[in-house]
Structures are given as C-alpha cells and as structure tokens.
file input.pdb (PDB, C-alpha atoms and all ligand atoms)
ATOM      1  CA  LEU A  30    -181.852  40.118 129.883  1.00  0.00           C
ATOM      2  CA  ASN A  31    -180.781  37.294 127.691  1.00  0.00           C
ATOM      3  CA  VAL A  32    -179.255  38.709 124.513  1.00  0.00           C
ATOM      4  CA  ILE A  33    -180.140  36.470 121.586  1.00  0.00           C
ATOM      5  CA  LYS A  34    -179.167  38.593 118.603  1.00  0.00           C
ATOM      6  CA  ALA A  35    -177.039  41.613 117.737  1.00  0.00           C
ATOM      7  CA  GLN A  36    -176.516  43.169 114.367  1.00  0.00           C
ATOM      8  CA  TYR A  37    -174.892  46.244 112.825  1.00  0.00           C
ATOM      9  CA  VAL A  38    -177.458  48.698 111.481  1.00  0.00           C
ATOM     10  CA  ALA A  39    -175.945  52.009 110.383  1.00  0.00           C
ATOM     11  CA  SER A  40    -173.199  54.582 110.782  1.00  0.00           C
ATOM     12  CA  ALA A  41    -173.896  58.273 110.991  1.00  0.00           C
ATOM     13  CA  VAL A  42    -172.252  61.650 111.377  1.00  0.00           C
ATOM     14  CA  ARG A  43    -175.459  63.659 110.844  1.00  0.00           C
ATOM     15  CA  PRO A  44    -179.046  63.337 112.101  1.00  0.00           C
ATOM     16  CA  ASP A  45    -180.433  62.518 108.639  1.00  0.00           C
ATOM     17  CA  GLN A  46    -178.242  59.395 108.719  1.00  0.00           C
ATOM     18  CA  TYR A  47    -179.674  58.153 112.034  1.00  0.00           C
ATOM     19  CA  PRO A  48    -181.638  54.938 111.465  1.00  0.00           C
ATOM     20  CA  PRO A  49    -185.363  55.540 110.972  1.00  0.00           C
ATOM     21  CA  GLU A  50    -186.627  52.713 113.143  1.00  0.00           C
ATOM     22  CA  GLU A  51    -187.815  54.079 116.466  1.00  0.00           C
ATOM     23  CA  LEU A  52    -186.100  52.012 119.134  1.00  0.00           C
ATOM     24  CA  PRO A  53    -184.789  53.007 122.539  1.00  0.00           C
ATOM     25  CA  GLU A  54    -181.065  53.739 122.576  1.00  0.00           C
ATOM     26  CA  ILE A  55    -178.231  53.045 124.997  1.00  0.00           C
ATOM     27  CA  ALA A  56    -175.037  54.945 124.089  1.00  0.00           C
ATOM     28  CA  PHE A  57    -171.380  54.439 125.007  1.00  0.00           C
ATOM     29  CA  ILE A  58    -168.957  57.323 125.413  1.00  0.00           C
ATOM     30  CA  GLY A  59    -165.462  57.615 126.823  1.00  0.00           C
ATOM     31  CA  ARG A  60    -161.854  58.378 125.963  1.00  0.00           C
ATOM     32  CA  SER A  61    -160.363  56.766 122.884  1.00  0.00           C
ATOM     33  CA  ASN A  62    -159.121  53.273 123.622  1.00  0.00           C
ATOM     34  CA  VAL A  63    -161.045  52.973 126.926  1.00  0.00           C
ATOM     35  CA  GLY A  64    -162.882  49.938 125.546  1.00  0.00           C
ATOM     36  CA  LYS A  65    -166.277  51.104 124.264  1.00  0.00           C
ATOM     37  CA  SER A  66    -166.355  48.855 121.218  1.00  0.00           C
ATOM     38  CA  SER A  67    -164.980  45.900 123.196  1.00  0.00           C
ATOM     39  CA  LEU A  68    -167.709  46.364 125.799  1.00  0.00           C
ATOM     40  CA  ILE A  69    -170.398  46.291 123.116  1.00  0.00           C
ATOM     41  CA  ASN A  70    -168.964  43.055 121.740  1.00  0.00           C
ATOM     42  CA  SER A  71    -168.831  41.579 125.219  1.00  0.00           C
ATOM     43  CA  LEU A  72    -172.412  42.592 126.076  1.00  0.00           C
ATOM     44  CA  CYS A  73    -173.622  40.984 122.861  1.00  0.00           C
ATOM     45  CA  ARG A  74    -171.171  38.067 123.118  1.00  0.00           C
ATOM     46  CA  HIS A  75    -170.382  38.768 119.504  1.00  0.00           C
ATOM     47  CA  HIS A  76    -166.695  39.115 118.621  1.00  0.00           C
ATOM     48  CA  GLY A  77    -166.053  41.441 115.731  1.00  0.00           C
ATOM     49  CA  LEU A  78    -169.484  43.088 115.880  1.00  0.00           C
ATOM     50  CA  ALA A  79    -167.877  46.450 116.682  1.00  0.00           C
ATOM     51  CA  ARG A  80    -164.361  47.052 115.391  1.00  0.00           C
ATOM     52  CA  VAL A  81    -161.723  47.068 118.118  1.00  0.00           C
ATOM     53  CA  SER A  82    -158.149  48.287 117.904  1.00  0.00           C
ATOM     54  CA  ALA A  83    -155.115  48.527 120.157  1.00  0.00           C
ATOM     55  CA  SER A  84    -154.452  52.027 118.813  1.00  0.00           C
ATOM     56  CA  PRO A  85    -156.858  54.821 119.781  1.00  0.00           C
ATOM     57  CA  GLY A  86    -159.178  56.571 117.335  1.00  0.00           C
ATOM     58  CA  LYS A  87    -160.665  53.423 115.818  1.00  0.00           C
ATOM     59  CA  THR A  88    -164.348  54.358 115.935  1.00  0.00           C
ATOM     60  CA  GLN A  89    -164.882  57.545 113.940  1.00  0.00           C
ATOM     61  CA  THR A  90    -168.619  57.531 113.321  1.00  0.00           C
ATOM     62  CA  ILE A  91    -171.775  56.974 115.378  1.00  0.00           C
ATOM     63  CA  ASN A  92    -172.439  53.257 114.959  1.00  0.00           C
ATOM     64  CA  TYR A  93    -175.816  51.678 115.687  1.00  0.00           C
ATOM     65  CA  TYR A  94    -176.288  48.025 116.589  1.00  0.00           C
ATOM     66  CA  VAL A  95    -179.722  46.517 117.068  1.00  0.00           C
ATOM     67  CA  VAL A  96    -179.942  44.060 119.923  1.00  0.00           C
ATOM     68  CA  THR A  97    -182.704  41.570 120.647  1.00  0.00           C
ATOM     69  CA  ALA A  98    -183.074  40.045 124.100  1.00  0.00           C
ATOM     70  CA  LYS A  99    -185.470  37.511 125.503  1.00  0.00           C
ATOM     71  CA  LEU A 100    -187.133  38.159 128.845  1.00  0.00           C
ATOM     72  CA  PRO A 101    -187.986  35.343 131.289  1.00  0.00           C
ATOM     73  CA  ASN A 102    -191.658  35.562 130.188  1.00  0.00           C
ATOM     74  CA  GLU A 103    -190.628  34.929 126.547  1.00  0.00           C
ATOM     75  CA  ARG A 104    -191.297  38.549 125.680  1.00  0.00           C
ATOM     76  CA  ARG A 105    -188.750  40.065 123.322  1.00  0.00           C
ATOM     77  CA  LEU A 106    -187.067  43.390 123.759  1.00  0.00           C
ATOM     78  CA  GLU A 107    -185.290  45.328 121.020  1.00  0.00           C
ATOM     79  CA  TRP A 108    -183.070  48.380 121.300  1.00  0.00           C
ATOM     80  CA  TYR A 109    -180.012  50.074 119.828  1.00  0.00           C
ATOM     81  CA  LEU A 110    -176.556  50.055 121.328  1.00  0.00           C
ATOM     82  CA  VAL A 111    -174.783  53.124 120.015  1.00  0.00           C
ATOM     83  CA  ASP A 112    -170.985  53.179 119.790  1.00  0.00           C
ATOM     84  CA  LEU A 113    -169.496  56.673 119.687  1.00  0.00           C
ATOM     85  CA  PRO A 114    -166.039  57.932 118.706  1.00  0.00           C
ATOM     86  CA  GLY A 115    -163.805  58.458 121.721  1.00  0.00           C
ATOM     87  CA  TYR A 116    -162.700  61.843 122.993  1.00  0.00           C
ATOM     88  CA  GLY A 117    -159.199  62.836 124.063  1.00  0.00           C
ATOM     89  CA  TYR A 118    -157.485  61.207 121.103  1.00  0.00           C
ATOM     90  CA  ALA A 119    -154.242  63.182 121.002  1.00  0.00           C
ATOM     91  CA  ARG A 120    -153.163  62.267 117.487  1.00  0.00           C
ATOM     92  CA  ALA A 121    -156.330  63.379 115.751  1.00  0.00           C
ATOM     93  CA  GLY A 122    -156.040  66.820 114.225  1.00  0.00           C
ATOM     94  CA  GLN A 123    -157.788  69.697 115.924  1.00  0.00           C
ATOM     95  CA  THR A 124    -160.303  70.034 113.098  1.00  0.00           C
ATOM     96  CA  GLN A 125    -161.162  66.353 113.316  1.00  0.00           C
ATOM     97  CA  ARG A 126    -161.494  66.523 117.097  1.00  0.00           C
ATOM     98  CA  ARG A 127    -163.764  69.525 116.890  1.00  0.00           C
ATOM     99  CA  GLN A 128    -165.872  67.760 114.278  1.00  0.00           C
ATOM    100  CA  TRP A 129    -166.255  64.626 116.465  1.00  0.00           C
ATOM    101  CA  THR A 130    -167.238  66.741 119.435  1.00  0.00           C
ATOM    102  CA  ARG A 131    -169.807  68.515 117.319  1.00  0.00           C
ATOM    103  CA  PHE A 132    -171.503  65.435 115.952  1.00  0.00           C
ATOM    104  CA  VAL A 133    -171.374  63.530 119.225  1.00  0.00           C
ATOM    105  CA  GLU A 134    -172.987  66.475 121.088  1.00  0.00           C
ATOM    106  CA  GLU A 135    -175.528  66.740 118.298  1.00  0.00           C
ATOM    107  CA  TYR A 136    -176.282  63.041 118.730  1.00  0.00           C
ATOM    108  CA  PHE A 137    -176.913  63.505 122.470  1.00  0.00           C
ATOM    109  CA  LEU A 138    -179.188  66.502 121.912  1.00  0.00           C
ATOM    110  CA  ARG A 139    -181.120  65.139 118.940  1.00  0.00           C
ATOM    111  CA  SER A 140    -181.843  61.578 120.008  1.00  0.00           C
ATOM    112  CA  PRO A 141    -185.207  61.651 121.769  1.00  0.00           C
ATOM    113  CA  ARG A 142    -185.163  57.900 122.428  1.00  0.00           C
ATOM    114  CA  LEU A 143    -181.770  57.957 124.158  1.00  0.00           C
ATOM    115  CA  LYS A 144    -182.442  56.238 127.500  1.00  0.00           C
ATOM    116  CA  LEU A 145    -178.992  55.949 129.014  1.00  0.00           C
ATOM    117  CA  VAL A 146    -175.434  57.072 128.398  1.00  0.00           C
ATOM    118  CA  CYS A 147    -172.805  54.659 129.654  1.00  0.00           C
ATOM    119  CA  GLN A 148    -169.695  56.719 130.312  1.00  0.00           C
ATOM    120  CA  LEU A 149    -166.617  54.515 130.328  1.00  0.00           C
ATOM    121  CA  VAL A 150    -163.483  55.336 132.276  1.00  0.00           C
ATOM    122  CA  ASP A 151    -160.326  53.271 132.659  1.00  0.00           C
ATOM    123  CA  LEU A 152    -160.298  51.720 136.136  1.00  0.00           C
ATOM    124  CA  ARG A 153    -156.513  51.948 136.275  1.00  0.00           C
ATOM    125  CA  HIS A 154    -156.337  55.752 136.228  1.00  0.00           C
ATOM    126  CA  PRO A 155    -158.108  58.596 137.993  1.00  0.00           C
ATOM    127  CA  PRO A 156    -160.509  60.371 135.626  1.00  0.00           C
ATOM    128  CA  GLN A 157    -158.845  62.838 133.291  1.00  0.00           C
ATOM    129  CA  ALA A 158    -159.985  66.413 132.720  1.00  0.00           C
ATOM    130  CA  SER A 159    -161.815  65.326 129.562  1.00  0.00           C
ATOM    131  CA  ASP A 160    -163.744  62.666 131.539  1.00  0.00           C
ATOM    132  CA  VAL A 161    -164.775  65.204 134.158  1.00  0.00           C
ATOM    133  CA  ALA A 162    -165.843  67.649 131.443  1.00  0.00           C
ATOM    134  CA  MET A 163    -167.869  64.969 129.631  1.00  0.00           C
ATOM    135  CA  TYR A 164    -169.642  63.861 132.797  1.00  0.00           C
ATOM    136  CA  GLY A 165    -170.448  67.487 133.668  1.00  0.00           C
ATOM    137  CA  TRP A 166    -171.775  68.116 130.162  1.00  0.00           C
ATOM    138  CA  LEU A 167    -174.068  65.069 130.287  1.00  0.00           C
ATOM    139  CA  LYS A 168    -175.387  66.078 133.729  1.00  0.00           C
ATOM    140  CA  THR A 169    -175.939  69.672 132.612  1.00  0.00           C
ATOM    141  CA  HIS A 170    -178.101  68.326 129.807  1.00  0.00           C
ATOM    142  CA  ASN A 171    -180.028  66.062 132.186  1.00  0.00           C
ATOM    143  CA  LEU A 172    -178.988  62.862 130.475  1.00  0.00           C
ATOM    144  CA  PRO A 173    -179.050  59.711 132.603  1.00  0.00           C
ATOM    145  CA  VAL A 174    -175.506  58.401 133.026  1.00  0.00           C
ATOM    146  CA  GLN A 175    -174.145  55.062 134.188  1.00  0.00           C
ATOM    147  CA  VAL A 176    -170.406  55.178 134.824  1.00  0.00           C
ATOM    148  CA  VAL A 177    -168.591  51.984 133.860  1.00  0.00           C
ATOM    149  CA  ALA A 178    -164.956  51.378 134.817  1.00  0.00           C
ATOM    150  CA  THR A 179    -163.247  49.255 132.168  1.00  0.00           C
ATOM    151  CA  LYS A 180    -160.314  46.842 132.056  1.00  0.00           C
ATOM    152  CA  THR A 181    -160.946  45.564 135.585  1.00  0.00           C
ATOM    153  CA  ASP A 182    -158.934  42.468 134.725  1.00  0.00           C
ATOM    154  CA  LYS A 183    -155.804  44.641 134.708  1.00  0.00           C
ATOM    155  CA  ILE A 184    -156.159  45.577 138.381  1.00  0.00           C
ATOM    156  CA  GLY A 185    -155.528  43.254 141.301  1.00  0.00           C
ATOM    157  CA  ARG A 186    -158.725  42.370 143.169  1.00  0.00           C
ATOM    158  CA  THR A 187    -157.552  44.010 146.376  1.00  0.00           C
ATOM    159  CA  HIS A 188    -157.071  47.371 144.636  1.00  0.00           C
ATOM    160  CA  VAL A 189    -160.397  47.594 142.824  1.00  0.00           C
ATOM    161  CA  ALA A 190    -162.321  49.345 145.633  1.00  0.00           C
ATOM    162  CA  ARG A 191    -159.637  52.027 145.994  1.00  0.00           C
ATOM    163  CA  HIS A 192    -159.618  52.726 142.252  1.00  0.00           C
ATOM    164  CA  LEU A 193    -163.414  52.906 142.140  1.00  0.00           C
ATOM    165  CA  ALA A 194    -163.365  55.449 144.985  1.00  0.00           C
ATOM    166  CA  ALA A 195    -160.816  57.561 143.093  1.00  0.00           C
ATOM    167  CA  ILE A 196    -163.090  57.615 140.043  1.00  0.00           C
ATOM    168  CA  LYS A 197    -166.130  58.506 142.126  1.00  0.00           C
ATOM    169  CA  ASN A 198    -164.222  61.396 143.706  1.00  0.00           C
ATOM    170  CA  GLY A 199    -162.686  62.609 140.478  1.00  0.00           C
ATOM    171  CA  LEU A 200    -166.019  62.752 138.660  1.00  0.00           C
ATOM    172  CA  LYS A 201    -167.852  64.077 141.744  1.00  0.00           C
ATOM    173  CA  LEU A 202    -170.383  61.365 141.063  1.00  0.00           C
ATOM    174  CA  GLU A 203    -173.766  62.461 142.320  1.00  0.00           C
ATOM    175  CA  THR A 204    -175.722  59.250 142.630  1.00  0.00           C
ATOM    176  CA  GLY A 205    -175.502  55.629 141.681  1.00  0.00           C
ATOM    177  CA  GLY A 206    -172.614  53.258 141.679  1.00  0.00           C
ATOM    178  CA  ILE A 207    -169.930  52.482 139.174  1.00  0.00           C
ATOM    179  CA  ILE A 208    -169.923  49.136 137.414  1.00  0.00           C
ATOM    180  CA  ALA A 209    -166.488  47.532 137.201  1.00  0.00           C
ATOM    181  CA  TYR A 210    -166.311  45.800 133.818  1.00  0.00           C
ATOM    182  CA  SER A 211    -163.975  43.488 131.974  1.00  0.00           C
ATOM    183  CA  ALA A 212    -164.569  42.785 128.309  1.00  0.00           C
ATOM    184  CA  LEU A 213    -161.953  40.073 128.667  1.00  0.00           C
ATOM    185  CA  ASN A 214    -163.682  37.929 131.295  1.00  0.00           C
ATOM    186  CA  GLY A 215    -167.217  39.331 131.318  1.00  0.00           C
ATOM    187  CA  GLN A 216    -167.075  40.738 134.835  1.00  0.00           C
ATOM    188  CA  GLY A 217    -169.827  43.342 135.281  1.00  0.00           C
ATOM    189  CA  ARG A 218    -171.784  42.120 132.262  1.00  0.00           C
ATOM    190  CA  ASP A 219    -174.779  40.885 134.266  1.00  0.00           C
ATOM    191  CA  ASP A 220    -174.857  44.097 136.318  1.00  0.00           C
ATOM    192  CA  LEU A 221    -174.815  46.329 133.261  1.00  0.00           C
ATOM    193  CA  LEU A 222    -177.470  44.225 131.503  1.00  0.00           C
ATOM    194  CA  ASP A 223    -179.622  44.540 134.653  1.00  0.00           C
ATOM    195  CA  VAL A 224    -179.298  48.331 134.599  1.00  0.00           C
ATOM    196  CA  ILE A 225    -180.155  48.410 130.882  1.00  0.00           C
ATOM    197  CA  GLY A 226    -183.111  46.079 131.406  1.00  0.00           C
ATOM    198  CA  GLN A 227    -184.518  48.175 134.247  1.00  0.00           C
ATOM    199  CA  ILE A 228    -184.323  51.324 132.147  1.00  0.00           C
ATOM    200  CA  LEU A 229    -185.833  49.739 129.042  1.00  0.00           C
ATOM    201  CA  LEU A 230    -188.710  48.183 130.981  1.00  0.00           C
ATOM    202  CA  LYS A 231    -189.525  51.341 132.925  1.00  0.00           C
TER     203      LYS A 231
HETATM  204  P1  LIG B 301    -161.926  54.085 120.074  1.00  0.00           P
HETATM  205  O1  LIG B 301    -162.860  53.455 119.107  1.00  0.00           O
HETATM  206  O2  LIG B 301    -160.589  54.375 119.499  1.00  0.00           O
HETATM  207  O3  LIG B 301    -162.518  55.300 120.747  1.00  0.00           O
HETATM  208  O4  LIG B 301    -161.606  53.022 121.247  1.00  0.00           O
HETATM  209  P2  LIG B 301    -162.611  52.103 122.098  1.00  0.00           P
HETATM  210  O5  LIG B 301    -162.985  52.819 123.345  1.00  0.00           O
HETATM  211  O6  LIG B 301    -163.729  51.612 121.255  1.00  0.00           O
HETATM  212  O7  LIG B 301    -161.651  50.902 122.550  1.00  0.00           O
HETATM  213  P3  LIG B 301    -161.577  49.415 121.951  1.00  0.00           P
HETATM  214  O8  LIG B 301    -162.784  48.639 122.334  1.00  0.00           O
HETATM  215  O9  LIG B 301    -161.207  49.473 120.528  1.00  0.00           O
HETATM  216  O10 LIG B 301    -160.378  48.803 122.839  1.00  0.00           O
HETATM  217  C1  LIG B 301    -159.100  49.413 122.898  1.00  0.00           C
HETATM  218  C2  LIG B 301    -158.066  48.416 123.388  1.00  0.00           C
HETATM  219  O11 LIG B 301    -158.316  48.044 124.734  1.00  0.00           O
HETATM  220  C3  LIG B 301    -158.058  47.104 122.597  1.00  0.00           C
HETATM  221  O12 LIG B 301    -156.730  46.684 122.474  1.00  0.00           O
HETATM  222  C4  LIG B 301    -158.852  46.159 123.471  1.00  0.00           C
HETATM  223  O13 LIG B 301    -158.507  44.813 123.293  1.00  0.00           O
HETATM  224  C5  LIG B 301    -158.466  46.631 124.860  1.00  0.00           C
HETATM  225  N1  LIG B 301    -159.525  46.368 125.857  1.00  0.00           N
HETATM  226  C6  LIG B 301    -160.796  46.807 125.823  1.00  0.00           C
HETATM  227  N2  LIG B 301    -161.507  46.398 126.888  1.00  0.00           N
HETATM  228  C7  LIG B 301    -160.655  45.652 127.636  1.00  0.00           C
HETATM  229  C8  LIG B 301    -160.790  44.940 128.882  1.00  0.00           C
HETATM  230  O14 LIG B 301    -161.839  44.895 129.533  1.00  0.00           O
HETATM  231  N3  LIG B 301    -159.674  44.295 129.341  1.00  0.00           N
HETATM  232  C9  LIG B 301    -158.497  44.337 128.673  1.00  0.00           C
HETATM  233  N4  LIG B 301    -157.453  43.700 129.221  1.00  0.00           N
HETATM  234  N5  LIG B 301    -158.332  44.978 127.503  1.00  0.00           N
HETATM  235  C10 LIG B 301    -159.394  45.636 126.990  1.00  0.00           C
HETATM  236 MG    MG B 302    -164.291  52.090 119.391  1.00  0.00          MG
END

call {"tool": "encode", "arguments": {"input": "input.pdb", "output": "structure tokens"}}
result
Amino acid sequence: LNVIKAQYVASAVRPDQYPPEELPEIAFIGRSNVGKSSLINSLCRHHGLARVSASPGKTQTINYYVVTAKLPNERRLEWYLVDLPGYGYARAGQTQRRQWTRFVEEYFLRSPRLKLVCQLVDLRHPPQASDVAMYGWLKTHNLPVQVVATKTDKIGRTHVARHLAAIKNGLKLETGGIIAYSALNGQGRDDLLDVIGQILLK
C-alpha cells in the first residue's frame, strides 16, 4: 500500500456522530501514551495529523481519519483509521474513565465496517492487567486483533525478541505475530501496511 493522502474527518463520542460515509475501518487501541496517535501519523507520514503529547490522556474522543492509498495496479483504496482514547490513564477521574470505556466499547460493538483492531502495547514492559483485559474483551467479541509493540527504538536490538516473547506470553496470544513498531524511525510500517492491505483487499 502506498499511502497518498490522509485527512481528519470527524470526532465522536456517540454513534450518531460517526461519519456517514461507509468505509472500512482500522482502529487503534492501547494504554494512554503507548503511541497510538504517533503510529497513525507515522503510517500516513503526516506529522500533526493526530495530536500527540508526552503526557497521557491526550486523545479523548474517537477520531476518524480518511486515508487514500494507491495499489500497484493504479487502483485506489480508501478507508478510515480510527484513533481511540487510551485506557489505564491514572489521572483521569473515575467518571471520565468509565465514560471512555463505555463509548469505546460502544464503538467496537456498533461499527459494522470495523475490519481490524490494532492493539498497541509498549515493547519495553510486559503487558499490564488492563492490556490483558482489553485483549480478552476483543477476542470474546470475535474482533480481529493485530498486536503492535511500540517504541521499538527504545530497546536494544538484541533484546527485542525477548520482549516480544514476554508480550506474547502475557497476552496469551492465540495466533499471529506481533509487529514491532517505531513511530520514530518507521520500523514495522511496511509490515503493518501489508497486514492492513491484506485485510482490506480480502
Ligand atoms: P493518548 O492519546 O494519551 O492515549 O496517547 P497515545 O497512545 O496516542 O500516545 P501518543 O502518540 O500521544 O505518544 C505518547 C508519547 O510517546 C509522545 O511523547 C510520543 O512522542 C512518544 N512516542 C510515541 N511513539 C513512539 C515511538 O515509536 N518511539 C519513541 N521513542 N517515542 C514514541
Ligand atoms: Mg492519542
């Protein structure tokens, strides 16, 4: 997939705010600060498309970006990348956390064109309880999941395999591999675009 255009479309906290155009969707979920918004910018090679912050809790709504890619045969492919608020943000109030959980779960259950959920985990740490719970929830609801380990650039090359194994164990990953990603240097970008392309062209 050769991404040629990416653009912000809409923000939502309720289904009636979801954009009306019927495009396939690829969503990104993970703990606050894990790098969801950065990954979207890196996939689209578009700095500042999704807002990024060093402090957690930046993304507070469901944000849709429409992406256009060109295939080798000149065909064009269009879909939404959907940036979700992170979970596990300690400083958010309990009411706010409960509200995020509610509208994110509602998004997962009421998005018939959702093709893939990319669950992001930080490659540096074993998955936390909230990561395990999220993965279990997605599997229970039969949603296709691709696990992506972020911030690979912060781990020495020789340690990457060991950290990936720890994540696989911690999540009790059923099938499929984990993509090690760096929004800083683009590592894993081609692999993730391949996975997205295969799913969209199925
Ligand atoms: P919320 O919106 O709060 O849920 O966070 P998020 O998951 O969208 O994280 P965001 O993309 O805002 O990134 C959080 C911080 O991690 C920022 O300071 C980013 O610059 C940094 N970051 C994200 N991805 C990477 C990466 O691959 N490598 C490095 N070194 N830093 C990263
Ligand atoms: Mg974000």

call {"tool": "resolve_selection", "arguments": {"input": "input.pdb", "expression": "the PyMOL selection byres (((chain A and resi 40-48) around 9) and not hetatm)", "output": "list in words"}}
result
Tyr37, Val38, Ala39, Pro49, Glu50, Glu51, Gln89, Thr90, Ile91, Asn92, Tyr93, Trp129, Phe132, Val133, Glu135, Tyr136, Arg139 and Ser140 of chain A

call {"tool": "residues_around", "arguments": {"input": "input.pdb", "residues": "stretch 166-170 of chain A", "least_positions_apart": "6", "cutoff": "9 Å", "atoms": "only C-alpha atoms", "output": "list in words"}}
result
Phe137, Leu138 and Val146 of chain A

call {"tool": "residues_around", "arguments": {"input": "input.pdb", "residues": "A:Ile69", "least_positions_apart": "4", "cutoff": "10 Å", "atoms": "all atoms listed in the file", "output": "MDAnalysis selection string"}}
result
chainID A and resid 35 56:57 64:65 73:80 94 110:112 212

call {"tool": "resolve_selection", "arguments": {"input": "input.pdb", "expression": "the PyMOL selection byres (((chain A and resi 183) around 10) and not hetatm)", "output": "PDB file with C-alpha atoms, in the coordinates of the input"}}
result
ATOM      1  CA  ASP A 151    -160.326  53.271 132.659  1.00  0.00           C
ATOM      2  CA  LEU A 152    -160.298  51.720 136.136  1.00  0.00           C
ATOM      3  CA  ARG A 153    -156.513  51.948 136.275  1.00  0.00           C
ATOM      4  CA  THR A 179    -163.247  49.255 132.168  1.00  0.00           C
ATOM      5  CA  LYS A 180    -160.314  46.842 132.056  1.00  0.00           C
ATOM      6  CA  THR A 181    -160.946  45.564 135.585  1.00  0.00           C
ATOM      7  CA  ASP A 182    -158.934  42.468 134.725  1.00  0.00           C
ATOM      8  CA  ILE A 184    -156.159  45.577 138.381  1.00  0.00           C
ATOM      9  CA  GLY A 185    -155.528  43.254 141.301  1.00  0.00           C
ATOM     10  CA  ARG A 186    -158.725  42.370 143.169  1.00  0.00           C
ATOM     11  CA  VAL A 189    -160.397  47.594 142.824  1.00  0.00           C
ATOM     12  CA  SER A 211    -163.975  43.488 131.974  1.00  0.00           C
ATOM     13  CA  LEU A 213    -161.953  40.073 128.667  1.00  0.00           C
TER      14      LEU A 213
END

call {"tool": "residues_near_ligand", "arguments": {"input": "input.pdb", "ligand": "ligand MG 302 (chain B)", "cutoff": "9 Å", "atoms": "only C-alpha atoms and all ligand atoms", "output": "PyMOL selection string"}}
result
chain A and resi 61-67+79-82+85-89+112-115

call {"tool": "decode", "arguments": {"input": "input.pdb", "residues": "stretch 172-189 of chain A", "atoms": "N, CA and C atoms", "output": "PDB file, in the first residue's frame"}}
result
ATOM      1  N   LEU A 172     -13.494  -9.947  17.571  1.00  0.00           N
ATOM      2  CA  LEU A 172     -12.926  -8.900  16.720  1.00  0.00           C
ATOM      3  C   LEU A 172     -11.507  -9.308  16.311  1.00  0.00           C
ATOM      4  N   PRO A 173     -11.162  -9.119  15.044  1.00  0.00           N
ATOM      5  CA  PRO A 173      -9.799  -9.445  14.625  1.00  0.00           C
ATOM      6  C   PRO A 173      -8.800  -8.455  15.219  1.00  0.00           C
ATOM      7  N   VAL A 174      -7.746  -8.978  15.820  1.00  0.00           N
ATOM      8  CA  VAL A 174      -6.770  -8.128  16.508  1.00  0.00           C
ATOM      9  C   VAL A 174      -5.375  -8.343  15.934  1.00  0.00           C
ATOM     10  N   GLN A 175      -4.677  -7.260  15.698  1.00  0.00           N
ATOM     11  CA  GLN A 175      -3.239  -7.313  15.404  1.00  0.00           C
ATOM     12  C   GLN A 175      -2.530  -6.604  16.550  1.00  0.00           C
ATOM     13  N   VAL A 176      -1.674  -7.331  17.259  1.00  0.00           N
ATOM     14  CA  VAL A 176      -0.921  -6.699  18.345  1.00  0.00           C
ATOM     15  C   VAL A 176       0.306  -6.010  17.752  1.00  0.00           C
ATOM     16  N   VAL A 177       0.519  -4.772  18.173  1.00  0.00           N
ATOM     17  CA  VAL A 177       1.659  -3.982  17.716  1.00  0.00           C
ATOM     18  C   VAL A 177       2.435  -3.511  18.942  1.00  0.00           C
ATOM     19  N   ALA A 178       3.717  -3.821  18.989  1.00  0.00           N
ATOM     20  CA  ALA A 178       4.556  -3.380  20.110  1.00  0.00           C
ATOM     21  C   ALA A 178       5.241  -2.081  19.709  1.00  0.00           C
ATOM     22  N   THR A 179       5.019  -1.032  20.492  1.00  0.00           N
ATOM     23  CA  THR A 179       5.503   0.302  20.111  1.00  0.00           C
ATOM     24  C   THR A 179       6.840   0.656  20.774  1.00  0.00           C
ATOM     25  N   LYS A 180       7.400   1.733  20.286  1.00  0.00           N
ATOM     26  CA  LYS A 180       8.634   2.331  20.828  1.00  0.00           C
ATOM     27  C   LYS A 180       9.823   1.380  20.759  1.00  0.00           C
ATOM     28  N   THR A 181       9.856   0.592  19.693  1.00  0.00           N
ATOM     29  CA  THR A 181      10.956  -0.361  19.470  1.00  0.00           C
ATOM     30  C   THR A 181      12.313   0.322  19.498  1.00  0.00           C
ATOM     31  N   ASP A 182      12.347   1.572  19.076  1.00  0.00           N
ATOM     32  CA  ASP A 182      13.635   2.290  19.054  1.00  0.00           C
ATOM     33  C   ASP A 182      14.233   2.457  20.441  1.00  0.00           C
ATOM     34  N   LYS A 183      13.428   2.244  21.485  1.00  0.00           N
ATOM     35  CA  LYS A 183      13.937   2.422  22.850  1.00  0.00           C
ATOM     36  C   LYS A 183      14.540   1.142  23.433  1.00  0.00           C
ATOM     37  N   ILE A 184      14.520   0.082  22.660  1.00  0.00           N
ATOM     38  CA  ILE A 184      15.045  -1.210  23.115  1.00  0.00           C
ATOM     39  C   ILE A 184      16.229  -1.605  22.230  1.00  0.00           C
ATOM     40  N   GLY A 185      17.292  -2.075  22.841  1.00  0.00           N
ATOM     41  CA  GLY A 185      18.427  -2.547  22.070  1.00  0.00           C
ATOM     42  C   GLY A 185      18.035  -3.728  21.195  1.00  0.00           C
ATOM     43  N   ARG A 186      18.564  -3.762  19.981  1.00  0.00           N
ATOM     44  CA  ARG A 186      18.213  -4.809  19.015  1.00  0.00           C
ATOM     45  C   ARG A 186      18.257  -6.219  19.593  1.00  0.00           C
ATOM     46  N   THR A 187      19.267  -6.476  20.417  1.00  0.00           N
ATOM     47  CA  THR A 187      19.462  -7.840  20.914  1.00  0.00           C
ATOM     48  C   THR A 187      18.396  -8.225  21.933  1.00  0.00           C
ATOM     49  N   HIS A 188      17.641  -7.270  22.430  1.00  0.00           N
ATOM     50  CA  HIS A 188      16.632  -7.577  23.459  1.00  0.00           C
ATOM     51  C   HIS A 188      15.223  -7.674  22.894  1.00  0.00           C
ATOM     52  N   VAL A 189      15.062  -7.286  21.637  1.00  0.00           N
ATOM     53  CA  VAL A 189      13.708  -7.194  21.072  1.00  0.00           C
ATOM     54  C   VAL A 189      12.974  -8.533  21.121  1.00  0.00           C
TER      55      VAL A 189
END
